[in-house]
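Asks: File model22.txt follows (compact mmCIF, C-alpha atoms):
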# COMPACT_ATOMS: atom_id res chain seq x y z
CA MET A 1 18.34 25.84 27.03
CA GLN A 2 15.89 25.04 24.36
CA SER A 3 14.51 28.12 22.79
CA LEU A 4 10.88 28.81 23.50
CA ASN A 5 10.62 29.88 19.93
CA ARG A 6 11.30 26.33 18.77
CA ILE A 7 8.66 24.87 21.06
CA ALA A 8 6.16 27.45 19.88
CA TYR A 9 6.75 26.70 16.21
CA ILE A 10 6.54 22.96 16.73
CA SER A 11 3.27 23.45 18.58
CA ILE A 12 1.86 25.54 15.76
CA PHE A 13 2.83 22.95 13.17
CA THR A 14 1.47 20.15 15.32
CA ALA A 15 -1.78 22.02 15.84
CA GLY A 16 -2.11 22.50 12.09
CA ALA A 17 -1.41 18.85 11.40
CA ILE A 18 -3.86 17.68 14.08
CA SER A 19 -6.65 19.95 12.90
CA LEU A 20 -6.27 18.74 9.32
CA PHE A 21 -6.14 15.15 10.59
CA VAL A 22 -9.35 15.58 12.58
CA VAL A 23 -11.22 17.45 9.85
CA GLU A 24 -10.16 14.80 7.39
CA SER A 25 -11.48 12.03 9.60
CA LEU A 26 -14.90 13.70 9.54
CA ILE A 27 -15.09 13.32 5.78
CA PRO A 28 -16.76 9.99 5.05
CA GLN A 29 -14.38 7.57 3.44
CA PRO A 30 -15.63 5.76 0.36
CA ILE A 31 -13.33 2.84 1.04
CA PRO A 32 -11.99 2.40 4.57
CA GLY A 33 -8.41 3.44 4.96
CA ILE A 34 -8.32 5.91 2.11
CA ARG A 35 -7.72 9.45 3.17
CA LEU A 36 -6.14 12.45 1.58
CA GLY A 37 -3.26 12.65 4.04
CA LEU A 38 -3.55 16.40 4.42
CA ALA A 39 -1.76 16.28 7.77
CA ASN A 40 1.31 15.40 5.77
CA ILE A 41 1.40 19.03 4.57
CA PHE A 42 2.52 20.25 7.97
CA ILE A 43 4.85 17.35 8.57
CA LEU A 44 6.58 17.99 5.27
CA LEU A 45 6.68 21.71 5.97
CA ALA A 46 8.30 21.04 9.33
CA LEU A 47 10.79 18.78 7.61
CA LEU A 48 11.74 21.50 5.13
CA THR A 49 11.87 24.45 7.49
CA PHE A 50 13.34 22.78 10.57
CA GLY A 51 14.64 19.29 10.04
CA PHE A 52 14.17 15.61 10.62
CA ARG A 53 13.84 15.60 14.41
CA GLU A 54 11.22 18.33 14.47
CA ALA A 55 9.24 16.64 11.68
CA LEU A 56 9.31 13.36 13.57
CA LEU A 57 8.09 15.13 16.67
CA VAL A 58 5.23 16.75 14.75
CA GLY A 59 4.34 13.43 13.15
CA ILE A 60 4.27 11.42 16.36
CA LEU A 61 2.34 14.12 18.22
CA LYS A 62 -0.12 14.34 15.36
CA SER A 63 -0.76 10.60 15.44
CA VAL A 64 -1.12 10.36 19.21
CA VAL A 65 -3.13 13.52 19.88
CA GLY A 66 -5.15 13.23 16.66
CA SER A 67 -6.15 9.67 17.49
CA LEU A 68 -7.01 10.76 20.99
CA ILE A 69 -9.34 13.44 19.62
CA ILE A 70 -11.16 11.17 17.18
CA ALA A 71 -11.22 8.45 19.84
CA ARG A 72 -9.07 5.92 18.06
CA LEU A 73 -6.13 5.81 20.39
CA LEU A 74 -4.57 2.33 20.58
CA THR A 75 -6.90 0.87 17.98
CA PRO A 76 -5.58 -0.76 14.79
CA SER A 77 -6.11 2.46 12.88
CA PHE A 78 -3.83 4.26 15.35
CA LEU A 79 -1.21 1.59 14.86
CA PHE A 80 -1.35 2.06 11.08
CA SER A 81 -1.27 5.81 11.43
CA ILE A 82 1.75 6.09 13.69
CA SER A 83 3.89 3.46 11.99
CA GLY A 84 3.08 4.77 8.53
CA THR A 85 3.79 8.32 9.61
CA ILE A 86 7.16 7.54 11.16
CA MET A 87 8.32 5.51 8.18
CA SER A 88 7.13 8.07 5.65
CA ILE A 89 8.95 10.85 7.52
CA ILE A 90 12.16 8.83 7.39
CA ILE A 91 11.75 8.25 3.65
CA MET A 92 10.85 11.88 2.96
CA ALA A 93 13.82 13.10 4.98
CA LEU A 94 16.12 10.89 2.92
CA ALA A 95 14.50 12.18 -0.28
CA VAL A 96 14.92 15.82 0.77
CA ARG A 97 18.55 15.18 1.59
CA TYR A 98 19.67 13.03 -1.31
CA LEU A 99 17.28 13.39 -4.25
CA ARG A 100 18.23 16.77 -5.66
CA SER A 101 16.11 16.70 -8.80
CA VAL A 102 12.85 15.83 -7.11
CA SER A 103 10.34 18.53 -6.25
CA LEU A 104 7.88 18.58 -3.39
CA VAL A 105 5.33 16.63 -5.43
CA GLY A 106 7.73 13.73 -5.80
CA ILE A 107 8.76 13.83 -2.16
CA SER A 108 5.14 13.87 -1.08
CA ILE A 109 4.29 10.97 -3.37
CA LEU A 110 7.15 8.98 -1.87
CA GLY A 111 5.82 9.73 1.59
CA ALA A 112 2.27 8.76 0.70
CA GLU A 113 3.38 5.52 -0.94
CA THR A 114 5.50 4.61 2.06
CA HIS A 115 2.60 5.33 4.37
CA THR A 116 0.21 3.05 2.48
CA PHE A 117 2.83 0.38 2.01
CA ILE A 118 3.55 0.18 5.73
CA GLN A 119 -0.16 0.25 6.52
CA ILE A 120 -0.92 -2.64 4.22
CA LEU A 121 2.12 -4.53 5.43
CA ILE A 122 0.98 -4.28 9.04
CA ALA A 123 -2.63 -5.00 8.13
CA THR A 124 -1.71 -8.13 6.23
CA TYR A 125 0.62 -9.48 8.89
CA LEU A 126 -1.64 -8.71 11.82
CA PHE A 127 -5.17 -9.08 10.57
CA ILE A 128 -5.85 -10.27 7.09
CA GLY A 129 -3.29 -12.84 6.09
CA LYS A 130 -0.41 -12.72 3.69
CA ALA A 131 -2.27 -13.84 0.60
CA SER A 132 -4.20 -10.61 0.12
CA PHE A 133 -1.16 -8.34 0.25
CA VAL A 134 -0.78 -7.98 -3.49
CA TYR A 135 -4.52 -7.87 -3.87
CA LEU A 136 -4.74 -4.70 -1.78
CA LEU A 137 -1.60 -3.09 -3.07
CA VAL A 138 -2.80 -2.26 -6.59
CA PRO A 139 -5.63 0.22 -5.86
CA PHE A 140 -3.83 1.72 -2.90
CA VAL A 141 -0.62 2.47 -4.79
CA LEU A 142 -2.62 4.22 -7.52
CA LEU A 143 -4.63 6.29 -5.05
CA SER A 144 -1.49 7.25 -3.15
CA LEU A 145 -0.05 8.67 -6.35
CA ILE A 146 -3.04 11.01 -6.63
CA THR A 147 -3.31 11.97 -2.95
CA GLY A 148 0.46 12.36 -2.72
CA SER A 149 0.50 14.82 -5.63
CA ILE A 150 -2.34 16.86 -4.16
CA THR A 151 -0.59 17.07 -0.80
CA GLY A 152 2.68 17.92 -2.50
CA ILE A 153 1.19 20.84 -4.42
CA CYS A 154 -0.50 22.16 -1.27
CA THR A 155 2.80 21.94 0.60
CA TYR A 156 4.56 23.86 -2.13
CA TRP A 157 2.03 26.68 -1.96
CA LEU A 158 2.54 26.94 1.77
CA TYR A 159 6.30 26.59 1.59
CA GLU A 160 6.57 29.27 -1.09
CA ARG A 161 4.92 31.74 1.27
CA THR A 162 6.79 30.77 4.43
CA GLU A 163 10.25 30.10 3.04
CA GLY A 164 12.87 32.01 4.95
CA LYS A 165 10.29 33.65 7.19
CA ILE A 166 10.25 31.03 9.92
CA GLU A 167 13.43 30.74 11.92
CA PHE A 168 14.33 29.67 15.37
CA ALA A 169 15.42 32.57 17.47
CA LYS A 170 18.84 32.11 18.99
CA ALA A 171 18.73 30.92 22.53
CA PRO A 172 19.77 33.73 24.84
CA MET Q 173 11.83 38.54 -9.08
CA ARG Q 174 11.62 35.77 -6.56
CA LYS Q 175 14.34 33.20 -6.75
CA LYS Q 176 13.40 29.75 -7.90
CA SER Q 177 12.97 27.25 -5.12
CA ARG Q 178 14.47 23.82 -5.57
CA TYR Q 179 11.15 22.38 -4.52
CA ARG Q 180 9.18 23.96 -7.35
CA PRO Q 181 6.71 21.30 -8.54
CA LEU Q 182 7.23 18.97 -11.43
CA LYS Q 183 10.87 18.44 -11.99
CA ILE Q 184 12.29 15.51 -13.87
CA GLY Q 185 12.65 13.43 -10.72
CA ASP Q 186 8.91 13.56 -10.11
CA PHE Q 187 8.18 11.89 -13.40
CA VAL Q 188 10.76 9.25 -12.58
CA ILE Q 189 9.02 8.54 -9.28
CA ILE Q 190 5.54 8.46 -10.83
CA LEU Q 191 6.74 6.19 -13.62
CA PHE Q 192 8.46 3.97 -11.08
CA PHE Q 193 5.26 3.35 -9.14
CA LEU Q 194 3.16 2.92 -12.27
CA SER Q 195 5.60 0.36 -13.64
CA ALA Q 196 5.71 -1.36 -10.26
CA LEU Q 197 1.96 -1.79 -10.60
CA PHE Q 198 2.44 -3.30 -14.00
CA PHE Q 199 4.81 -5.92 -12.68
CA LEU Q 200 2.61 -6.93 -9.78
CA PRO Q 201 0.81 -10.19 -10.36
CA ARG Q 202 -2.82 -9.96 -11.35
CA ILE Q 203 -5.57 -10.54 -8.84
CA GLU Q 204 -5.55 -14.24 -8.26
CA GLY Q 205 -8.40 -16.64 -7.71
CA ARG Q 206 -8.49 -18.04 -4.25
CA LYS Q 207 -10.03 -21.48 -4.65
CA VAL Q 208 -9.79 -24.30 -7.09
CA ARG Q 209 -12.71 -26.50 -7.99
CA ILE Q 210 -12.05 -29.98 -9.25
CA THR Q 211 -14.93 -31.81 -10.89
CA VAL Q 212 -14.72 -35.52 -11.54
CA ASP Q 213 -17.10 -37.34 -13.88
CA LYS Q 214 -19.47 -34.35 -13.98
CA GLY Q 215 -20.66 -35.30 -10.51
CA LYS Q 216 -18.21 -35.18 -7.66
CA GLU Q 217 -16.87 -31.77 -6.85
CA TYR Q 218 -13.95 -30.92 -4.65
CA ILE Q 219 -13.02 -27.39 -3.63
CA TYR Q 220 -9.56 -26.65 -2.29
CA SER Q 221 -7.97 -23.44 -1.12
CA LEU Q 222 -5.13 -22.15 -3.25
CA MET Q 223 -3.48 -20.74 -0.17
CA GLU Q 224 -2.03 -23.98 1.11
CA ASP Q 225 0.42 -26.06 -0.87
CA ARG Q 226 -0.43 -29.70 -1.37
CA VAL Q 227 -0.48 -32.57 -3.82
CA LEU Q 228 -3.81 -34.21 -4.58
CA GLU Q 229 -4.47 -37.61 -6.04
CA ILE Q 230 -7.73 -37.70 -7.89
CA ARG Q 231 -9.23 -40.93 -9.14
CA GLY Q 232 -10.88 -40.45 -12.53
CA GLN Q 233 -12.28 -42.77 -15.14
CA ILE Q 234 -9.03 -44.34 -16.29
CA GLY Q 235 -6.66 -43.77 -13.43
CA VAL Q 236 -5.19 -41.41 -10.90
CA THR Q 237 -4.32 -37.83 -11.78
CA LYS Q 238 -1.87 -36.09 -9.50
CA VAL Q 239 -2.57 -32.39 -9.05
CA ALA Q 240 -0.22 -30.00 -7.30
CA ILE Q 241 -1.22 -26.75 -5.60
CA LYS Q 242 1.69 -24.46 -4.87
CA ASP Q 243 2.04 -20.71 -4.27
CA GLY Q 244 -1.53 -20.08 -5.38
CA ARG Q 245 -1.08 -21.99 -8.63
CA VAL Q 246 -2.31 -25.36 -9.83
CA ARG Q 247 -0.89 -27.88 -12.25
CA VAL Q 248 -1.24 -31.50 -13.17
CA LEU Q 249 1.80 -33.52 -12.18
CA GLU Q 250 0.97 -36.93 -13.50
CA ALA Q 251 -1.85 -38.11 -15.70
CA PRO Q 252 -2.87 -41.51 -17.00
CA CYS Q 253 -4.24 -40.16 -20.28
CA PRO Q 254 -2.42 -40.85 -23.57
CA LEU Q 255 -1.84 -37.31 -24.83
CA LYS Q 256 -0.97 -35.63 -21.51
CA LEU Q 257 -2.55 -32.40 -22.66
CA CYS Q 258 -3.50 -31.56 -19.10
CA ARG Q 259 0.12 -31.77 -18.02
CA GLN Q 260 1.32 -29.65 -20.91
CA LYS Q 261 -1.05 -26.88 -19.87
CA GLY Q 262 1.34 -26.15 -16.99
CA TRP Q 263 0.54 -23.82 -14.11
CA ILE Q 264 -2.80 -22.02 -13.98
CA LYS Q 265 -3.56 -19.29 -11.49
CA LYS Q 266 -6.04 -16.71 -12.75
CA LYS Q 267 -9.74 -16.75 -12.10
CA GLY Q 268 -11.49 -18.70 -14.83
CA ASP Q 269 -8.42 -20.66 -15.94
CA GLN Q 270 -9.14 -24.32 -16.53
CA ILE Q 271 -7.35 -27.59 -17.03
CA ILE Q 272 -9.48 -30.22 -18.68
CA CYS Q 273 -8.57 -33.87 -18.97
CA ILE Q 274 -11.22 -35.51 -21.09
CA PRO Q 275 -9.99 -39.12 -21.03
CA ASN Q 276 -9.92 -39.09 -17.26
CA GLY Q 277 -13.06 -36.95 -16.89
CA ILE Q 278 -11.44 -34.28 -14.75
CA LEU Q 279 -12.08 -30.55 -14.84
CA ILE Q 280 -9.94 -28.20 -12.77
CA CYS Q 281 -11.18 -24.64 -12.56
CA ILE Q 282 -9.95 -21.64 -10.58
CA GLU Q 283 -12.70 -19.77 -8.80
CA GLY Q 284 -12.76 -16.15 -7.80
CA GLU Q 285 -13.41 -15.25 -4.24
CA ARG Q 286 -16.72 -14.13 -2.96
CA PHE Q 287 -15.56 -12.17 0.05
CA ASP Q 288 -13.30 -9.21 0.24
CA ALA Q 289 -10.51 -8.81 2.70
CA ILE Q 290 -12.64 -6.95 5.21
CA THR Q 291 -15.40 -9.49 5.60
CA GLU Q 292 -12.81 -12.20 5.68
Take the structure from the file and write it as structure tokens.

Replies:
Amino acid sequence: MQSLNRIAYISIFTAGAISLFVVESLIPQPIPGIRLGLANIFILLALLTFGFREALLVGILKSVVGSLIIARLLTPSFLFSISGTIMSIIIMALAVRYLRSVSLVGISILGAETHTFIQILIATYLFIGKASFVYLLVPFVLLSLITGSITGICTYWLYERTEGKIEFAKAP
Amino acid sequence: MRKKSRYRPLKIGDFVIILFFLSALFFLPRIEGRKVRITVDKGKEYIYSLMEDRVLEIRGQIGVTKVAIKDGRVRVLEAPCPLKLCRQKGWIKKKGDQIICIPNGILICIEGERFDAITE
């Protein structure tokens, strides 16, 4: 039996990620496609406190439900969001597991870079055409460094306060 | 005192990652022009896309100049002029780069693009 406790925690994390995702989409974007990636805070937190599977669950739920709320389900932006999220969770999970001397800022930067990279990759292959791939990459990689660091610092603040306090109760 | 978390910000690995991405930027090719304009005898103008590879044969004042477009770059393959300066110039690819062949009256110039990826 799956513990109810686990479901409850995943729901809380998902709710946090979705609310940040929705709030963030209300902020006007100076250049389309550039966002802070605040939802990544909760995904990364789930990855640290629980593990890969739970983080993936939070990420996918965040993309699907978040897109549903801001009415972008099954549009290109949803496609970018979900593929970028899944890939960045995989990369961040690998970083948490194998890169011992990297802090949360570095892990978050890796996640943000992966997210943008996948987004641009899909955008170029589906919509724009291969030639502009490099053209788009330069500003986006720079911006991801900044947004990734901000998200990483936020995650550390949250993680510092919750470390060791969230645990799954044993299933009876 | 609280024990130090392994995730405490700014460890050596972070700088490695940041440096890695910054250096990756440095190695990326510059923004490239998207079209090439070839002017013959100050009058006729041809504009080709740099996105498709091809070999052009352009008739100038003293003969035929062969121009190759490949991977977004342009070069002169064969020229009838005596000094072959246009051929020695090699590949050009950046916006504003030019190959000029005075004996044959040919000017090859890379143009920037007017539209961004979204309007395209």

Asks: Chain A near chain Q within 6 Å: what's each residue's closest atom pair and its distance in Å to one decimal, counting only C-alpha atoms, ordered by chain then ascending residue number, as CSV?

Replies:
residue,atom,partner,partner_atom,distance
A:Ser101,CA,Q:Gly185,CA,5.1
A:Val102,CA,Q:Gly185,CA,4.3
A:Ser103,CA,Q:Tyr179,CA,4.3
A:Leu104,CA,Q:Tyr179,CA,5.1
A:Val105,CA,Q:Pro181,CA,5.8
A:Gly106,CA,Q:Asp186,CA,4.5
A:Tyr135,CA,Q:Ile203,CA,5.7

Asks: Calculate how many Å separate atom CA of A:Leu136 from atom CA of Q:Ser221, rounding to one decimal.

Replies: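 We find that atom CA of A:Leu136 and atom CA of Q:Ser221 lie 19.0 Å from each other.
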
Asks: Would you kindly return, as a ChimeraX atom specification, each protein, DNA or RNA residue with an atom no farther than 7 Å from any atom of stretch 46-62 of chain A, considering all atoms listed in the file and excluding same-chain residues fewer than 2 positions away?

Replies: /A:10,13-14,17-18,42-44,64-66,82,85-86,89,93

Asks: Quick check, in Å to one decimal: how far apart do atom CA of A:Phe140 and atom CA of A:Ala39 lie?

Replies: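 If I compute the distance from atom CA of A:Phe140 to atom CA of A:Ala39, I get 18.2 Å.
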
Asks: Counting only C-alpha atoms, which residue out of Q:Glu283, Q:Glu250, Q:Asp213, Q:Glu229 sits closest to Q:Gly268?

Replies: Q:Glu283

Asks: Record the distance separating atom CA of Q:Ile271 and atom CA of Q:Lys238, expressed in Å with one decimal.

Replies: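 That distance, rounded to one decimal, is 12.6 Å.
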
Asks: May I have the residues at most 7 Å from (0.4, -20.0, -8.6) in the file's coordinates, counting all atoms listed in the file, as JSON, numbers by chain?

Replies: {"Q": [242, 243, 244, 245, 246, 263, 264, 265]}

Asks: Considering all atoms listed in the file, can you say which of A:Leu38, A:Leu126, A:Phe80, A:Leu45 comes closest to A:Glu160?

Replies: A:Leu45
